[in-house]
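Okay, structure first, notes after.
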Amino acid sequence: AVVCPSVGRSCSGISSMKRRKLITTALILGMLSLWRPSSAEAAPMHDVEAVEHDEKVVSLAMEITDAGMQLSNSSTEAELFMIYSITGQLVKKISVAAGSKTVVSLPGGCYVVRCRVWAKKTVVR
């Protein structure tokens with residue numbers, strides 16, 4: 001006979017239906033703790049930030065277009081953008097000149113784009 005450690009006696013007194021309910025409840029609670037809603041569908045595919053930096057306003061933008069990922073720099077100095085794969089590998093390092101835009105072609109996937117002001121997650125389809 002199997003001895004229950006919590007009560008120190010045989011577990012044969014627990015019916016198979018009750019055991020099944022306990023196991024099912026534990027499995028459902030375990031699956032619910034792993035579930036997280038996907039924010040990729042709800043998140044906008046572009047973002048703009050303006051930040052005070054050394055008495056200048058720095059405006060940097062990232063937008064997903066049909067041509068690829070467009071990186072915009074409307075500040076007065078060049079900006080370095082780094083694009084990482086979701087696994088953390090550096091995919092591209094791009095310098096965008098002051099007051100210009102650059103389009104980057106990337107294969108479909110999830111990426112993290114980082115500059116000195118912000119870091120953004122995005123999906124390229």
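Residues are named by chain letter and number: chains run A, B, ... in the order of the structure tokens, numbers start at 1 in each chain, and ligands are numbered from 1 in the order shown.
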
Inset, instruction - Identify, on the basis of only C-alpha atoms, every residue whose closest approach to A:Arg116 does not exceed 9 Å; exclude the query and any residue fewer than 6 positions from it along the same chain; express the result as a PyMOL selection string. - result: chain A and resi 79-81

Legend entry - Residue nearest A:Met69 - candidates A:Leu22, A:Leu90, A:Val103, A:Met82, atoms counted: only C-alpha atoms: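 Of A:Leu22, A:Leu90, A:Val103, A:Met82, the one nearest A:Met69 is A:Val103, counting only C-alpha atoms.
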
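Across A:Met17, A:Val117, A:Val124, A:Ala78, the tightest approach to A:Ser100 is made by A:Ala78 when counting only C-alpha atoms.
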
Inset, instruction - May I have the residues within 12 Å of stretch 113-115 of chain A as a PyMOL selection string, using only C-alpha atoms and disregarding those fewer than 2 positions away in the same chain? - result: chain A and resi 46-47+49+58-64+69-73+78-86+88-96+104+110-111+117-124

Write out, as a compact mmCIF listing (two decimals), in the first residue's frame, the residues just selected, with N, CA and C atoms.
# COMPACT_ATOMS: atom_id res chain seq x y z
N HIS A 46 5.66 51.06 -34.83
CA HIS A 46 6.60 52.17 -34.86
C HIS A 46 6.54 52.89 -33.53
N ASP A 47 7.57 53.65 -33.24
CA ASP A 47 7.60 54.35 -31.98
C ASP A 47 8.53 55.54 -32.12
N GLU A 49 10.42 58.72 -29.76
CA GLU A 49 10.71 59.24 -28.44
C GLU A 49 11.48 60.54 -28.57
N VAL A 58 16.51 65.16 -28.75
CA VAL A 58 16.89 64.06 -29.63
C VAL A 58 15.62 63.33 -30.02
N SER A 59 15.32 63.27 -31.31
CA SER A 59 14.15 62.54 -31.78
C SER A 59 14.60 61.38 -32.64
N LEU A 60 14.32 60.19 -32.16
CA LEU A 60 14.70 58.96 -32.86
C LEU A 60 13.45 58.13 -33.08
N ALA A 61 13.35 57.53 -34.25
CA ALA A 61 12.15 56.75 -34.55
C ALA A 61 12.52 55.46 -35.26
N MET A 62 11.67 54.45 -35.06
CA MET A 62 11.78 53.18 -35.75
C MET A 62 10.40 52.84 -36.28
N GLU A 63 10.31 52.46 -37.55
CA GLU A 63 9.03 52.10 -38.13
C GLU A 63 9.23 50.92 -39.08
N ILE A 64 8.30 49.96 -39.02
CA ILE A 64 8.34 48.83 -39.94
C ILE A 64 7.51 49.20 -41.16
N MET A 69 12.84 47.88 -42.14
CA MET A 69 12.81 48.67 -40.91
C MET A 69 13.40 50.04 -41.21
N GLN A 70 12.62 51.07 -40.98
CA GLN A 70 13.09 52.44 -41.23
C GLN A 70 13.51 53.06 -39.91
N LEU A 71 14.77 53.53 -39.87
CA LEU A 71 15.32 54.19 -38.70
C LEU A 71 15.48 55.67 -39.03
N SER A 72 14.91 56.54 -38.20
CA SER A 72 14.95 57.98 -38.45
C SER A 72 15.69 58.69 -37.33
N ASN A 73 16.46 59.70 -37.72
CA ASN A 73 17.22 60.49 -36.76
C ASN A 73 17.02 61.96 -37.11
N ALA A 78 24.88 62.40 -35.57
CA ALA A 78 24.68 61.02 -36.02
C ALA A 78 24.32 60.13 -34.83
N GLU A 79 23.55 59.10 -35.11
CA GLU A 79 23.11 58.18 -34.06
C GLU A 79 23.42 56.75 -34.48
N LEU A 80 23.90 55.95 -33.54
CA LEU A 80 24.22 54.55 -33.80
C LEU A 80 23.06 53.67 -33.33
N PHE A 81 22.52 52.85 -34.24
CA PHE A 81 21.47 51.89 -33.92
C PHE A 81 22.08 50.49 -34.00
N MET A 82 21.75 49.66 -33.02
CA MET A 82 22.20 48.27 -33.04
C MET A 82 20.97 47.38 -33.05
N ILE A 83 20.95 46.41 -33.95
CA ILE A 83 19.82 45.50 -34.10
C ILE A 83 20.28 44.11 -33.66
N TYR A 84 19.56 43.55 -32.69
CA TYR A 84 19.88 42.23 -32.14
C TYR A 84 18.77 41.25 -32.48
N SER A 85 19.15 39.99 -32.69
CA SER A 85 18.14 38.94 -32.84
C SER A 85 17.56 38.66 -31.46
N ILE A 86 16.47 37.91 -31.42
CA ILE A 86 15.83 37.60 -30.15
C ILE A 86 16.73 36.75 -29.26
N GLY A 88 19.89 37.39 -28.90
CA GLY A 88 20.92 38.27 -28.37
C GLY A 88 22.11 38.49 -29.29
N GLN A 89 22.10 37.89 -30.46
CA GLN A 89 23.20 38.08 -31.41
C GLN A 89 23.07 39.43 -32.10
N LEU A 90 24.16 40.16 -32.25
CA LEU A 90 24.16 41.42 -32.97
C LEU A 90 23.99 41.12 -34.46
N VAL A 91 22.90 41.63 -35.05
CA VAL A 91 22.61 41.37 -36.46
C VAL A 91 23.20 42.48 -37.33
N LYS A 92 22.95 43.73 -36.95
CA LYS A 92 23.48 44.88 -37.71
C LYS A 92 23.77 46.03 -36.79
N LYS A 93 24.77 46.81 -37.17
CA LYS A 93 25.12 48.04 -36.46
C LYS A 93 25.10 49.13 -37.52
N ILE A 94 24.21 50.11 -37.35
CA ILE A 94 23.98 51.11 -38.39
C ILE A 94 24.10 52.51 -37.80
N SER A 95 24.86 53.36 -38.48
CA SER A 95 24.96 54.76 -38.08
C SER A 95 24.04 55.55 -39.01
N VAL A 96 23.11 56.30 -38.40
CA VAL A 96 22.17 57.12 -39.17
C VAL A 96 22.60 58.57 -39.01
N VAL A 104 16.50 49.46 -43.43
CA VAL A 104 17.29 48.25 -43.23
C VAL A 104 16.45 47.05 -43.63
N CYS A 110 11.86 38.26 -34.82
CA CYS A 110 11.74 39.18 -33.69
C CYS A 110 13.11 39.81 -33.45
N TYR A 111 13.11 41.12 -33.25
CA TYR A 111 14.36 41.85 -33.08
C TYR A 111 14.25 42.84 -31.92
N VAL A 117 19.40 56.15 -26.49
CA VAL A 117 18.26 56.70 -25.76
C VAL A 117 17.26 55.62 -25.34
N TRP A 118 17.00 54.61 -26.21
CA TRP A 118 15.98 53.61 -25.92
C TRP A 118 16.35 52.27 -26.53
N ALA A 119 15.59 51.26 -26.14
CA ALA A 119 15.65 49.92 -26.74
C ALA A 119 14.21 49.48 -26.97
N LYS A 120 13.91 48.97 -28.15
CA LYS A 120 12.54 48.58 -28.53
C LYS A 120 12.55 47.17 -29.09
N LYS A 121 11.49 46.42 -28.78
CA LYS A 121 11.25 45.11 -29.38
C LYS A 121 10.34 45.29 -30.58
N THR A 122 10.58 44.54 -31.65
CA THR A 122 9.72 44.64 -32.83
C THR A 122 9.69 43.31 -33.56
N VAL A 123 8.68 43.15 -34.41
CA VAL A 123 8.52 41.94 -35.22
C VAL A 123 8.55 42.35 -36.68
N VAL A 124 9.38 41.68 -37.46
CA VAL A 124 9.42 41.89 -38.91
C VAL A 124 8.75 40.69 -39.54

Legend entry - Pairwise distance for atom CA of A:Val112 and atom CA of A:Glu77, rounded to one decimal in Å: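 One can read the atom CA of A:Val112 to atom CA of A:Glu77 distance as 22.5 Å.
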
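If only C-alpha atoms are the atoms counted, then among A:Ala97, A:Ser15, A:Ser105, A:Thr87 the closest residue to A:Asp66 is A:Ser105.
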